[in-house]
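What follows is the content of target.pdb, which has PDB, C-alpha atoms and all ligand atoms:
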MODEL        1
ATOM      1  CA  MET K   1     -15.875  -5.779  13.156
ATOM      2  CA  ALA K   2     -13.987  -4.868   9.965
ATOM      3  CA  LEU K   3     -10.208  -5.514   9.892
ATOM      4  CA  LEU K   4      -9.408  -1.889   9.076
ATOM      5  CA  VAL K   5     -11.701   0.709  10.570
ATOM      6  CA  VAL K   6     -11.286   4.353   9.505
ATOM      7  CA  GLU K   7     -13.449   6.854  11.404
ATOM      8  CA  ASN K   8     -13.821  10.539  10.561
ATOM      9  CA  LEU K   9     -10.170  10.789   9.540
ATOM     10  CA  THR K  10      -9.296  14.422   8.815
ATOM     11  CA  LYS K  11      -6.088  16.186   7.756
ATOM     12  CA  ARG K  12      -5.793  19.929   7.449
ATOM     13  CA  PHE K  13      -2.747  21.620   5.892
ATOM     14  CA  GLY K  14      -3.175  25.264   6.888
ATOM     15  CA  GLY K  15      -6.374  26.367   5.172
ATOM     16  CA  LEU K  16      -6.636  23.210   3.034
ATOM     17  CA  LEU K  17      -8.769  20.275   4.172
ATOM     18  CA  ALA K  18      -6.841  17.536   2.338
ATOM     19  CA  VAL K  19      -8.924  14.751   3.946
ATOM     20  CA  ASN K  20     -12.289  15.698   5.380
ATOM     21  CA  SER K  21     -13.909  13.331   7.861
ATOM     22  CA  VAL K  22     -13.463  10.117   5.855
ATOM     23  CA  SER K  23     -14.879   6.870   7.295
ATOM     24  CA  PHE K  24     -14.928   3.343   5.895
ATOM     25  CA  GLY K  25     -14.184  -0.254   6.878
ATOM     26  CA  VAL K  26     -12.272  -2.985   5.079
ATOM     27  CA  GLU K  27     -13.042  -6.665   5.682
ATOM     28  CA  THR K  28     -10.399  -9.382   5.909
ATOM     29  CA  ALA K  29      -9.154 -10.527   2.473
ATOM     30  CA  GLU K  30     -11.143  -7.836   0.681
ATOM     31  CA  ILE K  31      -9.601  -5.879  -2.216
ATOM     32  CA  LEU K  32     -10.594  -2.236  -1.841
ATOM     33  CA  SER K  33      -9.572   0.513  -4.265
ATOM     34  CA  VAL K  34      -9.476   4.177  -3.293
ATOM     35  CA  ILE K  35      -9.905   6.332  -6.382
ATOM     36  CA  GLY K  36     -10.418  10.010  -7.123
ATOM     37  CA  PRO K  37      -9.035  12.850  -9.238
ATOM     38  CA  ASN K  38      -5.530  14.262  -8.607
ATOM     39  CA  GLY K  39      -5.319  16.031  -5.248
ATOM     40  CA  ALA K  40      -8.431  14.280  -3.867
ATOM     41  CA  GLY K  41      -6.562  13.298  -0.682
ATOM     42  CA  LYS K  42      -5.826   9.609  -1.360
ATOM     43  CA  THR K  43      -2.109   9.635  -0.548
ATOM     44  CA  THR K  44      -2.694  11.841   2.501
ATOM     45  CA  LEU K  45      -5.163   9.201   3.710
ATOM     46  CA  PHE K  46      -2.514   6.445   3.278
ATOM     47  CA  ASN K  47       0.061   8.651   5.020
ATOM     48  CA  MET K  48      -2.219   8.970   8.045
ATOM     49  CA  LEU K  49      -2.789   5.210   8.190
ATOM     50  CA  THR K  50       0.965   4.511   8.113
ATOM     51  CA  GLY K  51       2.105   7.047  10.717
ATOM     52  CA  ILE K  52       3.699   9.490   8.262
ATOM     53  CA  TYR K  53       1.158  12.220   9.035
ATOM     54  CA  ALA K  54      -0.684  12.670  12.327
ATOM     55  CA  PRO K  55      -4.378  13.219  11.575
ATOM     56  CA  THR K  56      -5.901  16.533  12.614
ATOM     57  CA  THR K  57      -8.822  14.519  14.017
ATOM     58  CA  GLY K  58     -10.274  11.046  13.620
ATOM     59  CA  SER K  59      -9.115   7.504  14.275
ATOM     60  CA  ALA K  60      -8.095   4.303  12.514
ATOM     61  CA  SER K  61      -7.499   0.797  13.786
ATOM     62  CA  LEU K  62      -6.278  -2.520  12.418
ATOM     63  CA  ALA K  63      -7.741  -5.631  14.050
ATOM     64  CA  GLY K  64      -8.746  -3.421  16.983
ATOM     65  CA  ARG K  65      -5.246  -1.914  17.452
ATOM     66  CA  PRO K  66      -5.121   1.876  17.099
ATOM     67  CA  LEU K  67      -2.973   3.147  14.227
ATOM     68  CA  VAL K  68      -3.201   6.842  15.027
ATOM     69  CA  GLY K  69      -0.358   7.920  17.276
ATOM     70  CA  ALA K  70       1.719   4.815  16.486
ATOM     71  CA  LYS K  71       5.157   5.148  14.852
ATOM     72  CA  PRO K  72       5.644   3.700  11.337
ATOM     73  CA  HIS K  73       7.605   0.676  12.672
ATOM     74  CA  GLN K  74       4.862  -0.033  15.243
ATOM     75  CA  ILE K  75       2.317   0.081  12.430
ATOM     76  CA  VAL K  76       4.328  -2.489  10.452
ATOM     77  CA  ALA K  77       4.481  -4.631  13.604
ATOM     78  CA  ALA K  78       0.685  -4.333  13.899
ATOM     79  CA  GLY K  79       0.400  -5.944  10.442
ATOM     80  CA  LEU K  80       0.121  -3.061   8.005
ATOM     81  CA  ALA K  81       2.651  -2.699   5.166
ATOM     82  CA  ARG K  82       2.727  -0.352   2.181
ATOM     83  CA  THR K  83       4.353   0.484  -1.113
ATOM     84  CA  PHE K  84       4.912   4.025  -2.343
ATOM     85  CA  GLN K  85       3.734   6.054  -5.342
ATOM     86  CA  ASN K  86       7.380   6.912  -6.035
ATOM     87  CA  ILE K  87       9.286   3.665  -5.710
ATOM     88  CA  ARG K  88      11.453   3.651  -2.569
ATOM     89  CA  LEU K  89      13.997   0.868  -2.859
ATOM     90  CA  PHE K  90      17.601   0.678  -1.718
ATOM     91  CA  GLY K  91      18.949   1.122  -5.229
ATOM     92  CA  SER K  92      22.486  -0.126  -4.683
ATOM     93  CA  MET K  93      21.404  -3.263  -2.785
ATOM     94  CA  SER K  94      20.392  -6.517  -4.453
ATOM     95  CA  ALA K  95      16.740  -7.471  -4.922
ATOM     96  CA  LEU K  96      17.133 -10.149  -2.207
ATOM     97  CA  GLU K  97      18.690  -7.689   0.246
ATOM     98  CA  ASN K  98      15.825  -5.253  -0.313
ATOM     99  CA  VAL K  99      13.307  -7.925   0.685
ATOM    100  CA  MET K 100      15.487  -8.981   3.624
ATOM    101  CA  VAL K 101      15.178  -5.425   4.969
ATOM    102  CA  GLY K 102      11.399  -5.913   5.089
ATOM    103  CA  ARG K 103      11.837  -9.256   6.864
ATOM    104  CA  HIS K 104      14.207  -7.788   9.475
ATOM    105  CA  SER K 105      11.283  -5.794  10.863
ATOM    106  CA  ARG K 106       9.820  -9.126  12.031
ATOM    107  CA  THR K 107      12.881 -10.714  13.602
ATOM    108  CA  LYS K 108      14.416 -10.652  17.053
ATOM    109  CA  GLY K 109      17.643  -8.897  16.171
ATOM    110  CA  GLY K 110      15.981  -6.571  13.667
ATOM    111  CA  PHE K 111      18.148  -4.877  11.060
ATOM    112  CA  TRP K 112      21.309  -5.486  13.126
ATOM    113  CA  THR K 113      20.938  -9.287  13.078
ATOM    114  CA  ALA K 114      23.636  -9.513  10.417
ATOM    115  CA  LEU K 115      26.119  -7.920  12.805
ATOM    116  CA  LEU K 116      25.313 -10.189  15.738
ATOM    117  CA  PRO K 117      28.123 -12.571  16.617
ATOM    118  CA  GLY K 118      27.646 -16.298  17.031
ATOM    119  CA  LYS K 119      25.420 -19.023  15.675
ATOM    120  CA  ALA K 120      22.101 -17.423  16.598
ATOM    121  CA  GLY K 121      22.781 -14.414  14.398
ATOM    122  CA  VAL K 122      23.900 -16.574  11.472
ATOM    123  CA  ALA K 123      20.897 -18.916  11.778
ATOM    124  CA  GLU K 124      18.452 -16.024  11.925
ATOM    125  CA  GLU K 125      20.086 -14.327   8.944
ATOM    126  CA  LYS K 126      19.746 -17.579   6.968
ATOM    127  CA  GLN K 127      16.046 -17.807   7.789
ATOM    128  CA  ILE K 128      15.568 -14.198   6.739
ATOM    129  CA  ALA K 129      17.303 -14.834   3.408
ATOM    130  CA  GLN K 130      15.191 -17.972   2.877
ATOM    131  CA  ARG K 131      11.915 -16.160   3.517
ATOM    132  CA  ALA K 132      13.002 -13.186   1.373
ATOM    133  CA  SER K 133      13.817 -15.579  -1.425
ATOM    134  CA  GLU K 134      10.332 -17.171  -1.153
ATOM    135  CA  GLU K 135       8.707 -13.732  -1.432
ATOM    136  CA  LEU K 136      10.827 -12.955  -4.499
ATOM    137  CA  ASP K 137       9.600 -16.222  -6.056
ATOM    138  CA  PHE K 138       6.020 -15.308  -5.137
ATOM    139  CA  VAL K 139       6.170 -12.015  -7.059
ATOM    140  CA  GLY K 140       7.964 -13.688  -9.982
ATOM    141  CA  LEU K 141      11.408 -12.214  -9.349
ATOM    142  CA  GLY K 142      13.198 -15.326  -8.078
ATOM    143  CA  HIS K 143      15.615 -15.195 -11.002
ATOM    144  CA  CYS K 144      16.608 -11.575 -10.139
ATOM    145  CA  ALA K 145      17.649 -12.165  -6.504
ATOM    146  CA  ALA K 146      21.272 -11.115  -7.011
ATOM    147  CA  GLN K 147      20.552  -8.189  -9.326
ATOM    148  CA  THR K 148      21.018  -4.647  -8.092
ATOM    149  CA  ALA K 149      17.566  -3.143  -7.448
ATOM    150  CA  SER K 150      18.210  -0.009  -9.513
ATOM    151  CA  CYS K 151      19.062  -2.188 -12.555
ATOM    152  CA  LEU K 152      15.641  -3.886 -12.586
ATOM    153  CA  CYS K 153      13.077  -2.605 -15.063
ATOM    154  CA  TYR K 154      10.374  -0.327 -13.706
ATOM    155  CA  GLY K 155       7.630  -2.970 -13.461
ATOM    156  CA  ASP K 156      10.007  -5.343 -11.643
ATOM    157  CA  GLN K 157      10.968  -2.614  -9.172
ATOM    158  CA  ARG K 158       7.279  -2.215  -8.339
ATOM    159  CA  ARG K 159       6.967  -5.984  -7.784
ATOM    160  CA  LEU K 160      10.077  -5.890  -5.608
ATOM    161  CA  GLU K 161       8.414  -3.281  -3.385
ATOM    162  CA  VAL K 162       5.442  -5.632  -3.069
ATOM    163  CA  ALA K 163       7.762  -8.512  -2.079
ATOM    164  CA  ARG K 164       9.383  -6.327   0.586
ATOM    165  CA  ALA K 165       5.946  -5.412   1.973
ATOM    166  CA  LEU K 166       4.880  -9.094   2.032
ATOM    167  CA  ALA K 167       8.053 -10.069   3.896
ATOM    168  CA  THR K 168       6.788  -8.117   6.917
ATOM    169  CA  ASP K 169       3.911 -10.656   7.331
ATOM    170  CA  PRO K 170       1.162  -8.072   6.885
ATOM    171  CA  GLN K 171      -2.532  -8.590   7.537
ATOM    172  CA  LEU K 172      -3.156  -5.696   5.156
ATOM    173  CA  VAL K 173      -1.059  -4.112   2.388
ATOM    174  CA  LEU K 174      -1.566  -0.596   1.069
ATOM    175  CA  LEU K 175      -0.426  -0.268  -2.538
ATOM    176  CA  ASP K 176      -0.040   3.317  -3.762
ATOM    177  CA  GLU K 177      -0.537   3.356  -7.557
ATOM    178  CA  PRO K 178       0.986  -0.101  -8.121
ATOM    179  CA  ALA K 179       0.284  -0.021 -11.889
ATOM    180  CA  ALA K 180       1.773   3.439 -12.492
ATOM    181  CA  GLY K 181       4.152   3.331 -15.445
ATOM    182  CA  MET K 182       3.391  -0.320 -16.245
ATOM    183  CA  ASN K 183       2.644  -1.541 -19.761
ATOM    184  CA  PRO K 184      -0.595  -3.522 -20.360
ATOM    185  CA  GLN K 185       1.148  -6.876 -20.004
ATOM    186  CA  GLU K 186       2.815  -5.853 -16.728
ATOM    187  CA  THR K 187      -0.556  -4.581 -15.476
ATOM    188  CA  ARG K 188      -2.213  -7.931 -16.291
ATOM    189  CA  SER K 189       0.421  -9.797 -14.343
ATOM    190  CA  LEU K 190       0.048  -7.287 -11.470
ATOM    191  CA  ILE K 191      -3.686  -8.037 -11.338
ATOM    192  CA  ALA K 192      -2.894 -11.760 -11.095
ATOM    193  CA  LEU K 193      -0.336 -11.070  -8.361
ATOM    194  CA  ILE K 194      -2.795  -9.024  -6.270
ATOM    195  CA  ARG K 195      -5.358 -11.849  -6.578
ATOM    196  CA  ARG K 196      -2.742 -14.301  -5.301
ATOM    197  CA  ILE K 197      -2.014 -11.966  -2.367
ATOM    198  CA  GLN K 198      -5.734 -12.013  -1.559
ATOM    199  CA  LYS K 199      -5.716 -15.844  -1.719
ATOM    200  CA  ARG K 200      -3.101 -15.814   1.055
ATOM    201  CA  GLY K 201      -5.780 -14.166   3.210
ATOM    202  CA  ILE K 202      -4.090 -10.768   3.047
ATOM    203  CA  THR K 203      -6.318  -7.702   2.695
ATOM    204  CA  VAL K 204      -5.351  -5.269  -0.083
ATOM    205  CA  VAL K 205      -6.162  -1.554  -0.206
ATOM    206  CA  LEU K 206      -4.899   0.261  -3.274
ATOM    207  CA  ILE K 207      -4.874   3.729  -4.756
ATOM    208  CA  GLU K 208      -5.029   3.469  -8.534
ATOM    209  CA  HIS K 209      -5.745   5.628 -11.560
ATOM    210  CA  ASP K 210      -5.945   2.681 -14.007
ATOM    211  CA  MET K 211      -9.752   2.268 -14.149
ATOM    212  CA  ASN K 212      -9.503  -1.001 -16.021
ATOM    213  CA  LEU K 213      -7.501  -2.506 -13.163
ATOM    214  CA  VAL K 214      -9.769  -0.969 -10.516
ATOM    215  CA  MET K 215     -12.997  -2.211 -12.090
ATOM    216  CA  ASN K 216     -11.596  -5.703 -12.804
ATOM    217  CA  LEU K 217      -9.938  -6.347  -9.508
ATOM    218  CA  SER K 218     -11.766  -4.565  -6.701
ATOM    219  CA  ASP K 219     -14.424  -6.071  -4.465
ATOM    220  CA  ARG K 220     -15.293  -2.530  -3.437
ATOM    221  CA  VAL K 221     -14.344   1.006  -4.443
ATOM    222  CA  VAL K 222     -14.186   4.147  -2.292
ATOM    223  CA  VAL K 223     -14.241   7.408  -4.266
ATOM    224  CA  MET K 224     -12.745  10.632  -2.918
ATOM    225  CA  ASN K 225     -13.061  14.167  -4.253
ATOM    226  CA  PHE K 226     -11.730  17.350  -2.614
ATOM    227  CA  GLY K 227     -10.886  15.393   0.543
ATOM    228  CA  GLN K 228     -14.331  13.874   0.997
ATOM    229  CA  LYS K 229     -15.635  10.372   0.401
ATOM    230  CA  ILE K 230     -18.307  10.737  -2.263
ATOM    231  CA  ALA K 231     -19.074   7.069  -2.983
ATOM    232  CA  ASP K 232     -18.433   3.602  -1.516
ATOM    233  CA  GLY K 233     -19.697   0.428  -3.167
ATOM    234  CA  ALA K 234     -19.234  -2.324  -5.733
ATOM    235  CA  PRO K 235     -17.347  -1.307  -8.915
ATOM    236  CA  ALA K 236     -20.468  -1.360 -11.119
ATOM    237  CA  GLN K 237     -22.436   0.703  -8.624
ATOM    238  CA  VAL K 238     -19.686   3.320  -8.253
ATOM    239  CA  ARG K 239     -19.109   3.558 -12.015
ATOM    240  CA  SER K 240     -22.692   4.639 -12.609
ATOM    241  CA  ASP K 241     -22.884   7.043  -9.641
ATOM    242  CA  PRO K 242     -23.698  10.554 -10.959
ATOM    243  CA  GLN K 243     -21.478  12.231  -8.317
ATOM    244  CA  VAL K 244     -18.523  10.085  -9.358
ATOM    245  CA  ILE K 245     -19.073  10.762 -13.049
ATOM    246  CA  ALA K 246     -19.295  14.511 -12.317
ATOM    247  CA  ALA K 247     -16.062  14.428 -10.230
ATOM    248  CA  TYR K 248     -14.114  12.804 -13.056
ATOM    249  CA  LEU K 249     -15.636  14.815 -15.899
ATOM    250  CA  GLY K 250     -15.154  17.997 -13.861
ATOM    251  CA  SER K 251     -11.449  17.273 -13.451
ATOM    252  CA  GLY K 252     -11.045  16.221 -17.086
ATOM    253  CA  ALA K 253      -9.688  12.855 -15.889
ATOM    254  CA  ALA K 254     -12.350  10.649 -17.497
TER     255      ALA K 254
HETATM  256  N1  LIG K 301       2.559  18.001   3.089
HETATM  257  C1  LIG K 301       1.604  18.745   2.515
HETATM  258  N2  LIG K 301       1.510  20.076   2.759
HETATM  259  C2  LIG K 301       0.545  20.826   2.187
HETATM  260  N3  LIG K 301      -0.394  20.342   1.347
HETATM  261  C3  LIG K 301      -0.339  19.032   1.064
HETATM  262  C4  LIG K 301       0.654  18.158   1.621
HETATM  263  N4  LIG K 301       0.444  16.892   1.156
HETATM  264  C5  LIG K 301      -0.623  16.975   0.337
HETATM  265  N5  LIG K 301      -1.085  18.251   0.272
HETATM  266  C6  LIG K 301      -2.251  18.727  -0.469
HETATM  267  O1  LIG K 301      -3.351  17.946  -0.057
HETATM  268  C7  LIG K 301      -4.210  17.679  -1.168
HETATM  269  C8  LIG K 301      -4.376  16.190  -1.310
HETATM  270  O2  LIG K 301      -3.149  15.642  -1.798
HETATM  271  P1  LIG K 301      -2.907  14.079  -2.006
HETATM  272  O3  LIG K 301      -1.482  13.908  -2.464
HETATM  273  O4  LIG K 301      -3.330  13.357  -0.805
HETATM  274  O5  LIG K 301      -3.908  13.766  -3.200
HETATM  275  P2  LIG K 301      -4.019  12.459  -4.085
HETATM  276  O6  LIG K 301      -5.471  12.147  -4.183
HETATM  277  O7  LIG K 301      -3.120  11.412  -3.561
HETATM  278  O8  LIG K 301      -3.492  12.993  -5.485
HETATM  279  P3  LIG K 301      -2.704  12.195  -6.670
HETATM  280  O9  LIG K 301      -3.690  11.284  -7.290
HETATM  281  O10 LIG K 301      -2.302  13.324  -7.590
HETATM  282  O11 LIG K 301      -1.537  11.516  -6.022
HETATM  283  C9  LIG K 301      -3.587  18.351  -2.384
HETATM  284  O12 LIG K 301      -4.206  19.600  -2.559
HETATM  285  C10 LIG K 301      -2.136  18.501  -1.975
HETATM  286  O13 LIG K 301      -1.540  19.606  -2.618
ENDMDL
END
Using the file provided, produce a representation of the structure as structure tokens.
Amino acid sequence: MALLVVENLTKRFGGLLAVNSVSFGVETAEILSVIGPNGAGKTTLFNMLTGIYAPTTGSASLAGRPLVGAKPHQIVAAGLARTFQNIRLFGSMSALENVMVGRHSRTKGGFWTALLPGKAGVAEEKQIAQRASEELDFVGLGHCAAQTASCLCYGDQRRLEVARALATDPQLVLLDEPAAGMNPQETRSLIALIRRIQKRGITVVLIEHDMNLVMNLSDRVVVMNFGQKIADGAPAQVRSDPQVIAAYLGSGAA
């Protein structure tokens, strides 16, 4: 069975069917991109997978564990982490502290570990800082550990969000427009970073508008339009699909 299984997932906002009976599977260590014109329902799909929206109907599971009905922190505990389209960091905290917040979701004392008295609390906090520091190194931000998150450049803030997601020990990470606002050099290094995440055995599902990145990086591409899945296949296959071409030309996005 696929690691992530999405079955007939549907979200209705009043009269609008934002996501209309979408089904697909994602295999372990696969890189899958979800693409589609603005308003196609991509972010709503991610929001249903991460417990932000309850689906109107449909189901989703990760490694056999149901995601629908679970709270966001339970979903992180099940092994699913995400980054956001609009960066959501703790701006006044250091880069290291931001990643430590992600790691706290995996520890005994949770976020309050730092306040626990005694040796156990101190030892656990040290381990958390050590692991957070390793994730910062992994995304290439080791030298920025002490810097305030809001002072990092835009591309580095996006990488910091990735480090925080990785610190939760995910089986699968959802990246919502990771290349948004990046220059070509930052995008190239992002592509290399996502490949290294895959090499760790972590599955990556991303929403992205940068077609160069999508076509270079993805093992498979799911295309959405007006809430529906209109294509699902290898990048080359999807690129030449007449329905996909029509969706993009119709929206003026291609
Ligand atoms: N909370 C909400 N209430 C009402 N409508 C919503 C809500 N969230 C999203 N929508 C609508 O659902 C549709 C799908 O939106 P969504 O943000 O999922 O699209 P998207 O494919 O992620 O677009 P983009 O690429 O622009 O981010 C849009 O028509 C949007 O206006």
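Distances from K:Asn20, K:Thr83, K:Ser59, K:Gln198 to ligand LIG 301 (chain K) were compared using all atoms listed in the file, and the smallest one belongs to K:Asn20.
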If the PyMOL selection byres (((chain K and resi 139) around 7) and not hetatm) is run on the structure shown, which residues does it catch, given as a ChimeraX atom specification? /K:135-138,140-141,159,163,193
**Request:** Name all residues at most 12 Å from Thr44 (chain K) (count only C-alpha atoms; drop same-chain ones fewer than 4 positions away) and give them as a PyMOL selection string.
**Result:** chain K and resi 9-13+17-20+22+34+38-40+48-56+84-85+176+207+224+226-228
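With only C-alpha atoms and all ligand atoms as the atoms that count, the minimum distance from ligand LIG 301 (chain K) to the choices K:Gln130, K:Gln243, K:Asn225, K:Thr187 is reached by K:Asn225.
As for CA of Arg195 (chain K) and CA of Leu172 (chain K), they are spaced 13.4 Å apart.
Distances from K:Gly36, K:Thr168, K:Glu125, K:Met100 to Ala78 (chain K) were compared using only C-alpha atoms, and the smallest one belongs to K:Thr168.
With all atoms listed in the file as the atoms that count, the minimum distance from Ile31 (chain K) to the choices K:Gln185, K:Ser218, K:Thr43, K:Thr57 is reached by K:Ser218.
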Around ligand LIG 301 (chain K), fit a box with edges along x, y and z, padding it by 3 Å on each side, then list its centre and edge lengths in Å to one decimal as JSON.
{"center_x": -1.5, "center_y": 16.1, "center_z": -2.3, "size_x": 14.0, "size_y": 15.5, "size_z": 16.7}
Using all atoms listed in the file, the best pick from K:Ile194, K:Ala180, K:Met1, K:Ile128 as closest to ligand LIG 301 (chain K) would be K:Ala180
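The closest residue to ligand LIG 301 (chain K), picked from K:Ser23, K:Ser150, K:Asn212, K:Asn86 and counting all atoms listed in the file, is K:Asn86.
One finds CA of Ala246 (chain K) at 26.2 Å from CA of Gly181 (chain K).
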note - CA of Ile230 (chain K) and CA of Ile35 (chain K) are separated by 10.3 Å
Give me the residues near Pro178 (chain K) as number ranges by chain, where near means some atom within 12 Å (using all atoms listed in the file) and where sequence neighbours in that chain fewer than 6 positions away do not count. K: 33, 82-87, 154-162, 186-191, 193-194, 204-210, 213-214
Filled-in N, CA and C atoms of region 202-227 of chain K, supplied as a short mmCIF file (atom, residue, chain, number, x, y, z; two decimals), in the coordinates of the input:
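Final output, saved to result.cif:
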data_model
loop_
_atom_site.label_atom_id
_atom_site.label_comp_id
_atom_site.auth_asym_id
_atom_site.auth_seq_id
_atom_site.Cartn_x
_atom_site.Cartn_y
_atom_site.Cartn_z
N ILE K 202 -4.55 -12.13 2.74
CA ILE K 202 -4.09 -10.77 3.05
C ILE K 202 -5.05 -9.77 2.40
N THR K 203 -5.41 -8.76 3.16
CA THR K 203 -6.32 -7.70 2.70
C THR K 203 -5.50 -6.70 1.88
N VAL K 204 -6.08 -6.20 0.79
CA VAL K 204 -5.35 -5.27 -0.08
C VAL K 204 -6.16 -3.99 -0.25
N VAL K 205 -5.54 -2.85 0.05
CA VAL K 205 -6.16 -1.55 -0.21
C VAL K 205 -5.23 -0.82 -1.16
N LEU K 206 -5.77 -0.40 -2.32
CA LEU K 206 -4.90 0.26 -3.27
C LEU K 206 -5.46 1.58 -3.76
N ILE K 207 -4.53 2.49 -4.06
CA ILE K 207 -4.87 3.73 -4.76
C ILE K 207 -4.49 3.46 -6.20
N GLU K 208 -5.39 3.74 -7.14
CA GLU K 208 -5.03 3.47 -8.53
C GLU K 208 -5.79 4.38 -9.47
N HIS K 209 -5.10 4.81 -10.53
CA HIS K 209 -5.74 5.63 -11.56
C HIS K 209 -6.18 4.78 -12.76
N ASP K 210 -5.62 3.55 -12.86
CA ASP K 210 -5.94 2.68 -14.01
C ASP K 210 -7.34 2.07 -13.76
N MET K 211 -8.36 2.67 -14.42
CA MET K 211 -9.75 2.27 -14.15
C MET K 211 -10.03 0.84 -14.57
N ASN K 212 -9.32 0.37 -15.58
CA ASN K 212 -9.50 -1.00 -16.02
C ASN K 212 -9.12 -1.96 -14.88
N LEU K 213 -7.96 -1.68 -14.29
CA LEU K 213 -7.50 -2.51 -13.16
C LEU K 213 -8.49 -2.40 -12.00
N VAL K 214 -8.88 -1.18 -11.67
CA VAL K 214 -9.77 -0.97 -10.52
C VAL K 214 -11.07 -1.74 -10.70
N MET K 215 -11.68 -1.61 -11.87
CA MET K 215 -13.00 -2.21 -12.09
C MET K 215 -12.91 -3.74 -12.19
N ASN K 216 -11.77 -4.25 -12.68
CA ASN K 216 -11.60 -5.70 -12.80
C ASN K 216 -11.30 -6.39 -11.49
N LEU K 217 -10.56 -5.68 -10.65
CA LEU K 217 -9.94 -6.35 -9.51
C LEU K 217 -10.67 -6.13 -8.19
N SER K 218 -11.29 -4.95 -8.03
CA SER K 218 -11.77 -4.57 -6.70
C SER K 218 -13.05 -5.28 -6.31
N ASP K 219 -13.15 -5.63 -5.01
CA ASP K 219 -14.42 -6.07 -4.46
C ASP K 219 -15.27 -4.84 -4.18
N ARG K 220 -14.59 -3.75 -3.82
CA ARG K 220 -15.29 -2.53 -3.44
C ARG K 220 -14.42 -1.33 -3.79
N VAL K 221 -15.07 -0.21 -4.04
CA VAL K 221 -14.34 1.01 -4.44
C VAL K 221 -14.83 2.17 -3.58
N VAL K 222 -13.88 2.90 -3.01
CA VAL K 222 -14.19 4.15 -2.29
C VAL K 222 -13.73 5.29 -3.19
N VAL K 223 -14.59 6.28 -3.39
CA VAL K 223 -14.24 7.41 -4.27
C VAL K 223 -14.10 8.66 -3.42
N MET K 224 -12.97 9.37 -3.63
CA MET K 224 -12.74 10.63 -2.92
C MET K 224 -12.71 11.78 -3.91
N ASN K 225 -13.14 12.94 -3.45
CA ASN K 225 -13.06 14.17 -4.25
C ASN K 225 -12.95 15.34 -3.29
N PHE K 226 -11.96 16.20 -3.51
CA PHE K 226 -11.73 17.35 -2.61
C PHE K 226 -11.73 16.93 -1.14
N GLY K 227 -11.06 15.81 -0.84
CA GLY K 227 -10.89 15.39 0.54
C GLY K 227 -12.03 14.60 1.13
#
